[in-house]
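Trainee: My structure is stored as model-v3.cif, with mmCIF, C-alpha atoms and all ligand atoms.
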```cif
data_entry
#
loop_
_atom_site.label_atom_id
_atom_site.label_comp_id
_atom_site.auth_asym_id
_atom_site.auth_seq_id
_atom_site.Cartn_x
_atom_site.Cartn_y
_atom_site.Cartn_z
CA MET A 1 49.64 12.10 42.13
CA THR A 2 51.90 11.43 45.12
CA ASN A 3 53.41 8.40 46.73
CA ALA A 4 50.99 5.94 45.13
CA LYS A 5 52.12 2.60 43.77
CA PHE A 6 52.46 2.69 39.99
CA ALA A 7 49.02 1.56 38.83
CA ASN A 8 50.22 -0.24 35.70
CA ASP A 9 53.10 -0.70 33.27
CA ALA A 10 52.06 2.33 31.23
CA GLU A 11 52.55 4.59 34.27
CA ILE A 12 56.04 3.19 34.84
CA ILE A 13 57.00 3.73 31.19
CA GLU A 14 55.59 7.26 31.31
CA PHE A 15 57.60 7.92 34.49
CA VAL A 16 60.80 6.79 32.75
CA LEU A 17 60.14 8.71 29.54
CA SER A 18 59.30 11.92 31.35
CA ASN A 19 62.41 11.75 33.53
CA THR A 20 65.11 10.44 31.19
CA ALA A 21 66.10 10.72 27.54
CA LEU A 22 67.95 7.41 27.38
CA PHE A 23 65.77 5.39 25.04
CA THR A 24 66.31 5.79 21.31
CA GLU A 25 63.27 3.60 20.57
CA THR A 26 60.23 3.91 22.83
CA LYS A 27 57.32 2.11 21.10
CA THR A 28 58.41 -1.38 22.14
CA LEU A 29 59.13 -0.56 25.79
CA ARG A 30 57.82 -3.11 28.28
CA VAL A 31 58.04 -3.58 32.04
CA GLU A 32 59.12 -6.59 34.08
CA GLU A 33 58.71 -6.66 37.87
CA ILE A 34 62.03 -8.05 39.10
CA GLY A 35 62.13 -7.21 42.82
CA ASP A 36 62.71 -10.13 45.14
CA GLY A 37 63.93 -8.07 48.10
CA ASN A 38 62.03 -7.70 51.33
CA ILE A 39 61.16 -4.03 51.25
CA ASN A 40 60.55 -2.22 47.93
CA PHE A 41 59.17 -2.67 44.40
CA VAL A 42 61.67 -2.96 41.54
CA TYR A 43 60.95 -2.93 37.80
CA ARG A 44 63.03 -3.25 34.64
CA VAL A 45 61.90 -1.09 31.69
CA THR A 46 63.37 -2.36 28.43
CA ASN A 47 63.06 -2.32 24.65
CA ASP A 48 65.46 -5.30 24.47
CA GLN A 49 68.33 -3.07 23.32
CA GLN A 50 68.38 -0.67 26.24
CA SER A 51 67.01 -0.89 29.77
CA VAL A 52 66.77 0.92 33.09
CA ILE A 53 65.66 -0.04 36.57
CA VAL A 54 62.89 1.76 38.46
CA LYS A 55 62.75 1.33 42.22
CA GLN A 56 59.75 2.53 44.22
CA ALA A 57 59.15 2.65 47.96
CA LEU A 58 55.70 2.44 49.50
CA PRO A 59 54.98 3.48 53.09
CA TYR A 60 55.26 -0.12 54.31
CA ILE A 61 57.45 -3.23 53.95
CA ARG A 62 56.67 -5.08 50.69
CA ILE A 63 56.77 -8.59 52.16
CA ILE A 64 54.67 -7.71 55.20
CA GLY A 65 52.20 -5.10 53.87
CA GLU A 66 50.59 -2.16 55.63
CA GLY A 67 50.95 -3.88 59.01
CA TRP A 68 54.64 -2.80 59.09
CA PRO A 69 54.75 0.91 58.11
CA LEU A 70 58.05 2.37 56.99
CA SER A 71 59.14 5.94 56.23
CA LEU A 72 59.25 6.91 52.56
CA ASP A 73 62.36 8.97 53.26
CA ARG A 74 64.31 5.72 52.83
CA ILE A 75 64.10 6.03 49.04
CA ARG A 76 65.62 9.55 49.12
CA ILE A 77 68.35 8.19 51.35
CA GLU A 78 68.99 5.26 49.02
CA ALA A 79 69.19 7.37 45.85
CA GLN A 80 71.36 9.97 47.57
CA CYS A 81 73.67 7.34 49.06
CA LEU A 82 74.17 5.64 45.67
CA LYS A 83 75.14 9.01 44.20
CA GLU A 84 77.50 9.74 47.08
CA GLU A 85 79.12 6.30 46.82
CA GLY A 86 79.41 6.91 43.07
CA LEU A 87 81.64 9.93 43.75
CA TRP A 88 84.20 7.73 45.49
CA ALA A 89 83.66 4.25 44.10
CA ALA A 90 82.04 4.80 40.69
CA ASP A 91 82.94 1.34 39.38
CA TYR A 92 81.11 -0.35 42.22
CA VAL A 93 77.64 1.23 42.15
CA PRO A 94 74.99 1.72 39.44
CA ASP A 95 74.46 5.23 38.05
CA VAL A 96 71.38 6.99 39.36
CA TYR A 97 69.63 8.89 36.56
CA CYS A 98 66.81 10.59 38.43
CA PHE A 99 65.07 10.69 41.81
CA ASP A 100 61.43 11.74 42.13
CA GLN A 101 60.27 12.57 45.63
CA ALA A 102 56.59 12.74 44.67
CA ARG A 103 56.61 9.17 43.34
CA SER A 104 59.05 7.93 45.99
CA ALA A 105 60.96 6.40 43.13
CA PHE A 106 64.25 6.62 41.29
CA ILE A 107 65.63 5.43 37.98
CA MET A 108 69.05 3.79 37.74
CA GLU A 109 71.40 1.86 35.51
CA ASP A 110 70.42 -1.74 34.82
CA ILE A 111 73.12 -4.12 36.08
CA GLY A 112 71.27 -7.15 34.73
CA ASP A 113 74.48 -8.57 33.24
CA HIS A 114 75.59 -9.21 36.84
CA GLU A 115 74.46 -12.07 39.10
CA ASN A 116 73.34 -11.80 42.71
CA LEU A 117 76.36 -12.66 44.87
CA ARG A 118 74.33 -14.96 47.13
CA HIS A 119 73.32 -17.07 44.12
CA ALA A 120 76.91 -17.03 42.86
CA LEU A 121 78.25 -18.23 46.21
CA ILE A 122 75.65 -21.00 46.42
CA ALA A 123 76.64 -22.07 42.89
CA ARG A 124 80.30 -22.04 44.08
CA ARG A 125 81.46 -19.54 41.51
CA VAL A 126 85.04 -18.40 42.04
CA LEU A 127 85.30 -14.63 41.60
CA PRO A 128 89.00 -13.78 41.87
CA GLU A 129 88.43 -10.02 42.11
CA LEU A 130 85.61 -10.06 44.66
CA GLY A 131 87.71 -9.51 47.81
CA ARG A 132 89.67 -6.68 46.22
CA HIS A 133 86.57 -5.00 44.86
CA LEU A 134 84.73 -5.13 48.18
CA GLY A 135 87.82 -3.91 50.07
CA GLU A 136 88.18 -0.94 47.69
CA PHE A 137 84.48 -0.09 47.84
CA LEU A 138 84.55 -0.11 51.64
CA ALA A 139 87.77 1.90 51.99
CA GLU A 140 86.72 4.58 49.49
CA THR A 141 83.16 5.08 50.68
CA LEU A 142 83.91 4.88 54.40
CA PHE A 143 87.02 7.08 54.32
CA HIS A 144 85.50 9.85 52.17
CA THR A 145 82.38 10.18 54.33
CA SER A 146 84.22 10.21 57.66
CA ASP A 147 86.00 12.80 59.84
CA PHE A 148 89.24 11.63 58.24
CA TYR A 149 88.16 13.46 55.08
CA LEU A 150 85.21 15.79 55.70
CA ASP A 151 85.53 19.01 57.63
CA ASN A 152 83.64 19.42 60.88
CA GLU A 153 80.60 21.21 59.38
CA GLN A 154 80.27 18.95 56.34
CA LYS A 155 80.40 15.86 58.51
CA LYS A 156 77.74 17.04 60.95
CA ALA A 157 75.44 18.11 58.11
CA ALA A 158 75.91 14.70 56.50
CA VAL A 159 75.07 12.86 59.73
CA ALA A 160 71.85 14.88 59.95
CA ASP A 161 70.99 14.29 56.29
CA TYR A 162 71.16 10.54 56.73
CA ILE A 163 69.13 10.18 59.91
CA ASN A 164 67.18 6.99 59.08
CA PRO A 165 65.31 5.92 62.22
CA ASP A 166 62.82 3.41 60.79
CA LEU A 167 65.41 1.39 58.94
CA CYS A 168 67.89 1.58 61.82
CA LYS A 169 65.16 0.28 64.14
CA ILE A 170 64.77 -2.82 61.96
CA THR A 171 68.49 -3.54 62.33
CA GLU A 172 68.52 -2.69 66.04
CA GLU A 173 65.79 -5.27 66.61
CA LEU A 174 66.58 -7.95 64.03
CA PHE A 175 70.34 -8.06 64.72
CA PHE A 176 70.68 -7.38 68.42
CA TRP A 177 67.43 -8.34 70.15
CA ASP A 178 65.23 -10.95 68.46
CA PRO A 179 67.89 -13.62 67.80
CA PHE A 180 69.11 -13.50 71.40
CA CYS A 181 65.70 -14.35 72.91
CA ASP A 182 62.68 -16.51 72.11
CA HIS A 183 61.06 -13.77 70.01
CA GLU A 184 57.87 -14.40 68.04
CA ARG A 185 59.47 -13.01 64.87
CA ASN A 186 62.21 -15.66 64.97
CA SER A 187 62.18 -18.72 62.78
CA VAL A 188 64.00 -21.71 64.27
CA SER A 189 63.97 -25.09 62.58
CA PRO A 190 62.94 -27.90 64.99
CA PRO A 191 66.33 -29.70 65.05
CA LEU A 192 68.01 -26.41 66.03
CA LYS A 193 65.64 -25.57 68.89
CA GLU A 194 67.91 -26.92 71.65
CA ALA A 195 70.95 -25.01 70.35
CA ALA A 196 68.83 -21.83 70.04
CA GLU A 197 67.59 -22.20 73.61
CA THR A 198 71.18 -22.57 74.85
CA LEU A 199 72.07 -19.38 72.97
CA TRP A 200 69.10 -17.53 74.49
CA GLN A 201 70.39 -18.37 77.98
CA ASP A 202 73.93 -17.18 77.31
CA ASP A 203 74.11 -14.00 79.40
CA SER A 204 77.71 -13.17 78.56
CA LEU A 205 76.83 -13.33 74.84
CA LYS A 206 73.91 -10.95 75.42
CA VAL A 207 76.22 -8.45 77.14
CA GLU A 208 78.51 -8.46 74.10
CA ALA A 209 75.54 -8.13 71.72
CA ALA A 210 74.36 -5.14 73.78
CA LYS A 211 77.79 -3.49 73.41
CA LEU A 212 77.65 -4.02 69.64
CA LYS A 213 74.14 -2.53 69.50
CA TYR A 214 75.26 0.51 71.49
CA HIS A 215 78.27 1.01 69.20
CA PHE A 216 75.97 0.65 66.15
CA MET A 217 73.61 3.32 67.48
CA ASN A 218 76.15 5.82 68.78
CA ASP A 219 79.33 5.81 66.75
CA ALA A 220 78.58 7.98 63.70
CA GLN A 221 81.90 7.35 61.97
CA ALA A 222 80.95 7.20 58.30
CA LEU A 223 78.10 6.82 55.81
CA LEU A 224 77.34 3.11 55.92
CA HIS A 225 75.57 1.03 53.33
CA ALA A 226 74.19 -0.64 56.46
CA ASP A 227 72.65 -3.70 54.75
CA LEU A 228 75.75 -5.10 53.08
CA HIS A 229 74.75 -8.75 52.72
CA SER A 230 75.41 -10.96 49.69
CA GLY A 231 71.98 -10.14 48.26
CA SER A 232 73.01 -6.47 48.03
CA VAL A 233 76.06 -7.29 45.89
CA PHE A 234 75.94 -8.17 42.19
CA VAL A 235 78.87 -9.75 40.39
CA LYS A 236 80.28 -10.81 37.07
CA ALA A 237 83.71 -12.25 36.25
CA ASP A 238 85.46 -8.89 36.31
CA GLY A 239 82.95 -6.60 38.01
CA THR A 240 81.17 -5.97 41.30
CA LYS A 241 78.22 -3.65 42.02
CA VAL A 242 76.82 -2.82 45.43
CA ILE A 243 73.13 -1.87 45.45
CA ASP A 244 70.22 -1.29 47.84
CA PRO A 245 71.60 1.16 50.46
CA GLU A 246 68.16 2.07 51.82
CA PHE A 247 69.43 1.38 55.36
CA ALA A 248 72.22 3.94 54.92
CA PHE A 249 73.06 6.11 57.94
CA TYR A 250 76.12 7.34 59.82
CA GLY A 251 77.41 4.46 61.92
CA PRO A 252 80.52 2.42 62.73
CA MET A 253 82.58 1.30 59.72
CA SER A 254 82.89 -2.14 61.29
CA PHE A 255 79.17 -2.77 60.75
CA ASP A 256 79.53 -2.76 56.93
CA ILE A 257 82.78 -4.73 57.00
CA GLY A 258 81.40 -7.26 59.48
CA SER A 259 78.11 -7.67 57.61
CA ILE A 260 79.74 -8.72 54.35
CA ILE A 261 82.35 -10.91 56.07
CA GLY A 262 79.48 -12.50 58.01
CA ASN A 263 77.75 -13.33 54.74
CA LEU A 264 80.86 -15.01 53.34
CA LEU A 265 81.02 -17.03 56.57
CA ILE A 266 77.33 -17.97 56.30
CA ASN A 267 78.08 -19.47 52.91
CA PHE A 268 81.09 -21.21 54.50
CA ALA A 269 78.68 -22.73 57.05
CA GLY A 270 76.20 -23.69 54.32
CA GLN A 271 78.88 -25.55 52.35
CA LEU A 272 78.64 -28.34 54.95
CA GLY A 273 75.12 -29.18 53.81
CA LEU A 274 74.87 -27.89 50.24
CA GLU A 275 74.99 -30.48 47.42
CA GLY A 276 78.40 -31.43 46.05
CA GLU A 277 81.57 -33.46 46.47
CA ALA A 278 83.57 -33.01 49.69
CA GLU A 279 86.67 -31.83 47.83
CA GLU A 280 84.70 -29.26 45.87
CA LYS A 281 83.18 -27.90 49.10
CA GLN A 282 86.56 -27.79 50.81
CA ALA A 283 88.12 -25.90 47.91
CA TYR A 284 85.27 -23.41 47.96
CA ARG A 285 85.58 -22.90 51.70
CA GLU A 286 89.26 -22.11 51.15
CA TYR A 287 88.24 -19.61 48.43
CA LEU A 288 85.83 -17.91 50.87
CA LEU A 289 88.52 -17.52 53.54
CA ALA A 290 91.00 -16.24 50.95
CA THR A 291 88.37 -13.70 49.83
CA ILE A 292 88.04 -12.44 53.42
CA ASP A 293 91.86 -12.16 53.63
CA THR A 294 91.96 -10.11 50.43
CA LEU A 295 89.00 -7.94 51.40
CA TRP A 296 90.59 -7.00 54.70
CA ALA A 297 94.12 -6.54 53.28
CA THR A 298 92.73 -4.29 50.53
CA PHE A 299 90.63 -2.25 52.94
CA HIS A 300 93.54 -1.88 55.37
CA THR A 301 96.06 -0.82 52.73
CA ARG A 302 93.72 1.51 50.85
CA PHE A 303 92.32 3.16 53.97
CA LYS A 304 95.82 3.86 55.32
CA ALA A 305 96.91 5.27 51.96
CA LEU A 306 93.84 7.53 51.83
CA VAL A 307 94.58 8.82 55.33
CA SER A 308 98.19 9.50 54.47
CA GLU A 309 97.32 11.25 51.17
CA GLN A 310 94.01 12.99 51.88
CA CYS A 311 93.33 13.26 55.62
CA LYS A 312 92.49 16.88 56.36
CA ASP A 313 92.62 16.73 60.15
CA PRO A 314 96.20 16.77 61.52
CA VAL A 315 95.02 15.14 64.75
CA PHE A 316 93.69 12.09 62.92
CA ALA A 317 96.86 11.97 60.80
CA THR A 318 98.91 11.46 64.00
CA VAL A 319 101.25 8.49 63.63
CA GLY A 320 99.81 5.46 65.36
CA PHE A 321 96.22 6.71 65.48
CA VAL A 322 95.13 5.23 62.17
CA ASP A 323 96.70 1.87 63.06
CA ALA A 324 94.78 1.82 66.34
CA PHE A 325 91.59 2.87 64.54
CA ILE A 326 91.94 0.13 61.93
CA ALA A 327 92.72 -2.51 64.56
CA HIS A 328 89.61 -1.52 66.54
CA THR A 329 87.56 -1.61 63.34
CA TRP A 330 88.73 -5.17 62.62
CA HIS A 331 87.80 -6.42 66.11
CA GLU A 332 84.33 -4.86 65.98
CA SER A 333 83.85 -6.21 62.44
CA MET A 334 84.32 -9.69 63.85
CA GLY A 335 81.52 -9.00 66.33
CA TYR A 336 79.12 -7.76 63.63
CA ALA A 337 79.99 -10.75 61.44
CA GLY A 338 78.91 -12.86 64.42
CA THR A 339 75.57 -11.05 64.79
CA GLU A 340 74.90 -11.52 61.06
CA LEU A 341 75.58 -15.26 61.33
CA ILE A 342 73.22 -15.62 64.28
CA ARG A 343 70.36 -13.46 63.02
CA ARG A 344 70.36 -15.23 59.62
CA THR A 345 70.15 -18.61 61.37
CA VAL A 346 67.47 -18.12 64.04
CA GLY A 347 66.03 -14.66 63.30
CA LEU A 348 63.33 -13.35 60.96
CA ALA A 349 65.32 -12.93 57.75
CA HIS A 350 66.91 -16.22 56.74
CA VAL A 351 69.11 -16.72 53.68
CA ALA A 352 69.27 -19.33 50.93
CA ASP A 353 72.87 -20.32 51.78
CA LEU A 354 71.28 -22.21 54.70
CA ASP A 355 67.58 -22.48 53.83
CA SER A 356 68.17 -24.10 50.44
CA ILE A 357 69.56 -27.18 52.23
CA GLU A 358 66.37 -29.25 51.97
CA ASP A 359 66.92 -31.90 54.63
CA ILE A 360 66.34 -30.08 57.92
CA HIS A 361 68.73 -32.40 59.82
CA VAL A 362 71.54 -31.83 57.32
CA ARG A 363 70.72 -28.11 57.41
CA ALA A 364 70.87 -28.11 61.20
CA VAL A 365 74.55 -29.12 61.08
CA SER A 366 75.30 -25.99 59.05
CA GLU A 367 73.02 -23.90 61.27
CA LYS A 368 74.70 -25.14 64.46
CA PHE A 369 78.08 -24.27 62.92
CA ALA A 370 76.77 -20.77 62.13
CA LEU A 371 75.52 -20.27 65.71
CA ASP A 372 78.75 -21.54 67.26
CA LEU A 373 80.91 -19.45 64.98
CA GLY A 374 78.68 -16.40 65.47
CA SER A 375 78.89 -16.67 69.27
CA ALA A 376 82.67 -17.16 69.19
CA LEU A 377 83.13 -14.13 66.91
CA ILE A 378 81.07 -11.92 69.21
CA LYS A 379 82.62 -13.10 72.47
CA GLN A 380 86.22 -13.46 71.32
CA ARG A 381 86.38 -10.50 68.94
CA GLN A 382 89.08 -8.70 70.94
CA ASP A 383 91.32 -11.79 70.66
CA ILE A 384 90.92 -12.16 66.90
CA LYS A 385 93.89 -10.05 65.93
CA SER A 386 94.01 -10.86 62.20
CA PRO A 387 92.37 -12.85 59.38
CA GLN A 388 94.85 -15.64 60.19
CA ILE A 389 93.40 -15.94 63.70
CA LEU A 390 89.88 -15.80 62.24
CA ARG A 391 90.87 -18.67 59.95
CA ALA A 392 92.14 -20.72 62.93
CA LEU A 393 88.91 -20.03 64.83
CA VAL A 394 86.74 -21.05 61.86
CA GLN A 395 88.71 -24.25 61.46
CA ALA A 396 88.44 -25.06 65.18
CA ILE A 397 84.61 -24.86 65.29
C1 LIG A 401 61.99 -6.96 57.41
S1 LIG A 401 63.42 -6.57 56.58
C2 LIG A 401 64.48 -7.92 56.83
C3 LIG A 401 65.84 -7.73 56.33
O1 LIG A 401 65.82 -7.44 54.95
C4 LIG A 401 66.73 -6.38 54.68
O2 LIG A 401 67.43 -6.57 53.51
C5 LIG A 401 67.61 -6.27 55.90
O3 LIG A 401 68.70 -7.17 55.87
C6 LIG A 401 66.63 -6.62 56.96
O4 LIG A 401 67.25 -6.97 58.17
MG MG A 402 67.96 -4.75 50.58
#
```
Once more with this new file: its structure as structure tokens, please.

Mentor:
Amino acid sequence: MTNAKFANDAEIIEFVLSNTALFTETKTLRVEEIGDGNINFVYRVTNDQQSVIVKQALPYIRIIGEGWPLSLDRIRIEAQCLKEEGLWAADYVPDVYCFDQARSAFIMEDIGDHENLRHALIARRVLPELGRHLGEFLAETLFHTSDFYLDNEQKKAAVADYINPDLCKITEELFFWDPFCDHERNSVSPPLKEAAETLWQDDSLKVEAAKLKYHFMNDAQALLHADLHSGSVFVKADGTKVIDPEFAFYGPMSFDIGSIIGNLLINFAGQLGLEGEAEEKQAYREYLLATIDTLWATFHTRFKALVSEQCKDPVFATVGFVDAFIAHTWHESMGYAGTELIRRTVGLAHVADLDSIEDIHVRAVSEKFALDLGSALIKQRQDIKSPQILRALVQAI
């Protein structure tokens, strides 16, 4: 049998038992479907003492159906990327136990004791380690898969191994095209229509979005997660796990950094309209900005240390080069944070940080903030020299 959806729970249990030896008790195993993502099917197999997760890809997008076909190679890429990230950032990814090409499925560690970061942010949970964890994950995975670390042949083979055209096409369209025009896939709430139309007529913004798209498609710097939004991060008080790298490919480091910063800023925008006391919201907004500060400071420090200790190419170890590279990465990250804010507000794939605000007029205040901040980040990214200047910009919107 190949590439068919698991027909029933018994098939999923059989798949786990024939590919792992983890369960000490197998008679009481049961299956729960737990996937709430857009693209794949995800199951937990458990006997209440032990559990694993099974993820399966079908040749189409789960939420759309066969009308939007998608390459099955994405599941190989996802399993392989998780293993690669595990070499460099083992604390921050689940273990992958087995990948089965014929079933387009893999089995991995259950991180069910963690909470989805998007839900945690909406519930205003303060996670003191989050910024540091994300900064370390980004520095380790991006450095070790780049030309700073790999030799010329390894790097080129890796770029080829992660060619992921279908998934990249989704990003190329949903980030850089749809939200900047009146596209049929967009979803714009009625009170935001005027602001969206103004955005769609902003030619200088479209030029900057085009530059970001070109950079995304042509700058194969490192193995990206490439869908690093808050729904791809799971958290607990002292732990962070990054999952779901099915969009992984070789692209600009700034896309991953900007995507996650953009998601923290989307929650910042949502705080305006989410339930709660003004002081509580203000304190949480401060926490979000502090988390961005820590994320960037950690990335910057760790990346520089890795270059100084492990860079194998003397040209890239040249004094001054890494500083220029990191500065460029920060500026472009600001641009990608902006595209994430805009596409989550008027594009196809909205997020609960904004959509859970029930009153559409209250929500529109947060959405307008997200559009204004997104545009400013894209257009002014070369002037945003540091997180302090980002903070000033956010506070001026
Ligand atoms: C049709 S897929 C929509 C979005 O879900 C994924 O998680 C990516 O963020 C993609 O843009
Ligand atoms: Mg995903």

Trainee: With all atoms listed in the file counted and 12 Å as the cut-off, give the residues of range 113-186 of chain A in contact with range 233-236 of chain A, each with its shortest interatomic distance in Å and the pair that gives it, as a tab-separated table.

Mentor:
```
residue	atom	partner	partner_atom	distance
A:Asp113	CA	A:Lys236	CA	7.3
A:His114	CA	A:Val235	CA	4.9
A:Glu115	CA	A:Val235	CA	5.1
A:Asn116	CA	A:Phe234	CA	4.5
A:Leu117	CA	A:Phe234	CA	5.2
A:Arg118	CA	A:Val233	CA	8.0
A:His119	CA	A:Phe234	CA	9.5
A:Ala120	CA	A:Val235	CA	7.9
A:Leu121	CA	A:Val235	CA	10.3
A:Arg125	CA	A:Lys236	CA	9.9
A:Val126	CA	A:Lys236	CA	10.2
A:Leu127	CA	A:Lys236	CA	7.8
A:Pro128	CA	A:Lys236	CA	10.4
A:Glu129	CA	A:Lys236	CA	9.6
A:Leu130	CA	A:Val235	CA	8.0
A:Gly131	CA	A:Val235	CA	11.5
A:His133	CA	A:Val235	CA	10.1
A:Leu134	CA	A:Val233	CA	9.2
A:Phe137	CA	A:Val233	CA	11.2
```

Trainee: Can you write out as a Markdown table which residues of chain A fall within 12 Å of ligand LIG 401 (chain A), alongside each residue's closest atom pair and its distance in Å to one decimal, counting all atoms listed in the file and ordering rows by chain and ascending residue number?

Mentor:
```
| residue | atom | partner | partner_atom | distance |
| --- | --- | --- | --- | --- |
| A:Gly35 | CA | A:LIG401 | O2 | 11.9 |
| A:Asp36 | CA | A:LIG401 | O2 | 10.2 |
| A:Gly37 | CA | A:LIG401 | O2 | 6.6 |
| A:Asn38 | CA | A:LIG401 | O1 | 5.2 |
| A:Ile39 | CA | A:LIG401 | S1 | 6.3 |
| A:Asn40 | CA | A:LIG401 | O2 | 9.9 |
| A:Tyr60 | CA | A:LIG401 | C1 | 10.1 |
| A:Ile61 | CA | A:LIG401 | C1 | 6.8 |
| A:Arg62 | CA | A:LIG401 | C1 | 8.8 |
| A:Ile63 | CA | A:LIG401 | C1 | 7.6 |
| A:Ile64 | CA | A:LIG401 | C1 | 7.7 |
| A:Gly65 | CA | A:LIG401 | C1 | 10.6 |
| A:Gly67 | CA | A:LIG401 | C1 | 11.6 |
| A:Trp68 | CA | A:LIG401 | C1 | 8.6 |
| A:Pro69 | CA | A:LIG401 | C1 | 10.7 |
| A:Leu70 | CA | A:LIG401 | C1 | 10.1 |
| A:Asp166 | CA | A:LIG401 | S1 | 10.8 |
| A:Leu167 | CA | A:LIG401 | C6 | 8.3 |
| A:Cys168 | CA | A:LIG401 | O4 | 9.3 |
| A:Lys169 | CA | A:LIG401 | O4 | 9.6 |
| A:Ile170 | CA | A:LIG401 | O4 | 6.1 |
| A:Thr171 | CA | A:LIG401 | O4 | 5.5 |
| A:Glu172 | CA | A:LIG401 | O4 | 9.0 |
| A:Glu173 | CA | A:LIG401 | O4 | 8.7 |
| A:Leu174 | CA | A:LIG401 | O4 | 6.0 |
| A:Phe175 | CA | A:LIG401 | O4 | 7.3 |
| A:Phe176 | CA | A:LIG401 | O4 | 10.8 |
| A:Asp178 | CA | A:LIG401 | O4 | 11.2 |
| A:Pro179 | CA | A:LIG401 | O4 | 11.7 |
| A:Arg185 | CA | A:LIG401 | C1 | 9.9 |
| A:Asn186 | CA | A:LIG401 | C2 | 11.5 |
| A:His225 | CA | A:LIG401 | O3 | 11.0 |
| A:Ala226 | CA | A:LIG401 | O3 | 8.6 |
| A:Asp227 | CA | A:LIG401 | O3 | 5.4 |
| A:Leu228 | CA | A:LIG401 | O3 | 7.9 |
| A:His229 | CA | A:LIG401 | O3 | 7.0 |
| A:Ser230 | CA | A:LIG401 | O2 | 9.9 |
| A:Gly231 | CA | A:LIG401 | O2 | 7.8 |
| A:Ser232 | CA | A:LIG401 | O2 | 7.8 |
| A:Val233 | CA | A:LIG401 | O2 | 11.5 |
| A:Ile243 | CA | A:LIG401 | O2 | 10.9 |
| A:Asp244 | CA | A:LIG401 | O2 | 8.2 |
| A:Pro245 | CA | A:LIG401 | O2 | 9.3 |
| A:Glu246 | CA | A:LIG401 | O2 | 8.8 |
| A:Phe247 | CA | A:LIG401 | C5 | 7.9 |
| A:Ala248 | CA | A:LIG401 | C5 | 11.2 |
| A:Asp256 | CA | A:LIG401 | O3 | 11.7 |
| A:Ser259 | CA | A:LIG401 | O3 | 9.6 |
| A:Ile260 | CA | A:LIG401 | O3 | 11.3 |
| A:Asn263 | CA | A:LIG401 | O3 | 11.0 |
| A:Thr339 | CA | A:LIG401 | O4 | 11.4 |
| A:Glu340 | CA | A:LIG401 | O3 | 9.2 |
| A:Leu341 | CA | A:LIG401 | O3 | 11.9 |
| A:Arg343 | CA | A:LIG401 | O4 | 8.7 |
| A:Arg344 | CA | A:LIG401 | O4 | 8.9 |
| A:Gly347 | CA | A:LIG401 | O4 | 9.3 |
| A:Leu348 | CA | A:LIG401 | C2 | 6.9 |
| A:Ala349 | CA | A:LIG401 | C2 | 5.2 |
| A:His350 | CA | A:LIG401 | C3 | 8.6 |
| A:Val351 | CA | A:LIG401 | O3 | 9.8 |
```

Trainee: Restricting the calculation to only C-alpha atoms, which member of A:Ser189, A:Phe148, A:Ile13, A:Arg103 is positioned closest to Lys368 in chain A?

Mentor: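 Closest candidate: A:Ser189.
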
Trainee: Nearest to ligand MG 402 (chain A): which of A:Ala278, A:Ile384, A:Val42, A:Ala21 is it, counting all atoms listed in the file?

Mentor: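 Once distances to ligand MG 402 (chain A) are computed over all atoms listed in the file, the minimum belongs to A:Val42.
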
Trainee: Closest to ligand MG 402 (chain A) among A:Thr298, A:Gln49, A:Lys55, A:Val16, using only C-alpha atoms and all ligand atoms?

Mentor: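 Looking at the shortest contact to ligand MG 402 (chain A), the residue is A:Lys55.
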
Trainee: Show which residues sit within 12 Å of Leu289 in chain A, as an MDAnalysis selection string. Count all atoms listed in the file, and ignore same-chain residues fewer than 3 positions away.

Mentor: chainID A and resid 130:131 261:269 282:286 292:296 387:395

Trainee: Would you place a box with edges along x, y and z of the file around all atoms of range 106-117 of chain A listed there, add 4 Å to each of its six sides, and report the centre and edge lengths in Å to one decimal, as lines of an AutoDock Vina configuration file?

Mentor:
```
center_x = 70.3
center_y = -3.0
center_z = 39.1
size_x = 20.1
size_y = 27.3
size_z = 19.6
```

Trainee: So how far away is CA of Ile111 in chain A from CA of Val93 in chain A, in Å?

Mentor: 9.3 Å

Trainee: Between A:Phe41, A:Phe321, A:Phe6, A:Tyr214, which residue has the minimum interatomic distance to ligand MG 402 (chain A), considering all atoms listed in the file?

Mentor: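 For ligand MG 402 (chain A), the nearest of the given residues is A:Phe41.
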
Trainee: What is the CA of Lys281 in chain A to CA of Phe369 in chain A distance in Å?

Mentor: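 Distance between the two atoms: 15.2 Å.
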
Trainee: Model the absent atoms of range 41-46 of chain A so that N, CA and C atoms are present, and write the result as an mmCIF file, in the coordinates of the input.

Mentor:
```cif
data_model
loop_
_atom_site.group_PDB
_atom_site.id
_atom_site.type_symbol
_atom_site.label_atom_id
_atom_site.label_comp_id
_atom_site.auth_asym_id
_atom_site.auth_seq_id
_atom_site.Cartn_x
_atom_site.Cartn_y
_atom_site.Cartn_z
ATOM 1 N N PHE A 41 59.589 -2.130 45.695
ATOM 2 C CA PHE A 41 59.170 -2.670 44.400
ATOM 3 C C PHE A 41 60.221 -2.264 43.360
ATOM 4 N N VAL A 42 60.619 -3.230 42.519
ATOM 5 C CA VAL A 42 61.670 -2.960 41.540
ATOM 6 C C VAL A 42 61.208 -3.464 40.162
ATOM 7 N N TYR A 43 61.394 -2.612 39.154
ATOM 8 C CA TYR A 43 60.950 -2.930 37.800
ATOM 9 C C TYR A 43 62.096 -2.701 36.812
ATOM 10 N N ARG A 44 62.126 -3.521 35.766
ATOM 11 C CA ARG A 44 63.030 -3.250 34.640
ATOM 12 C C ARG A 44 62.153 -2.726 33.500
ATOM 13 N N VAL A 45 62.583 -1.620 32.876
ATOM 14 C CA VAL A 45 61.900 -1.090 31.690
ATOM 15 C C VAL A 45 62.871 -1.283 30.533
ATOM 16 N N THR A 46 62.435 -1.988 29.499
ATOM 17 C CA THR A 46 63.370 -2.360 28.430
ATOM 18 C C THR A 46 62.701 -2.360 27.063
#
```
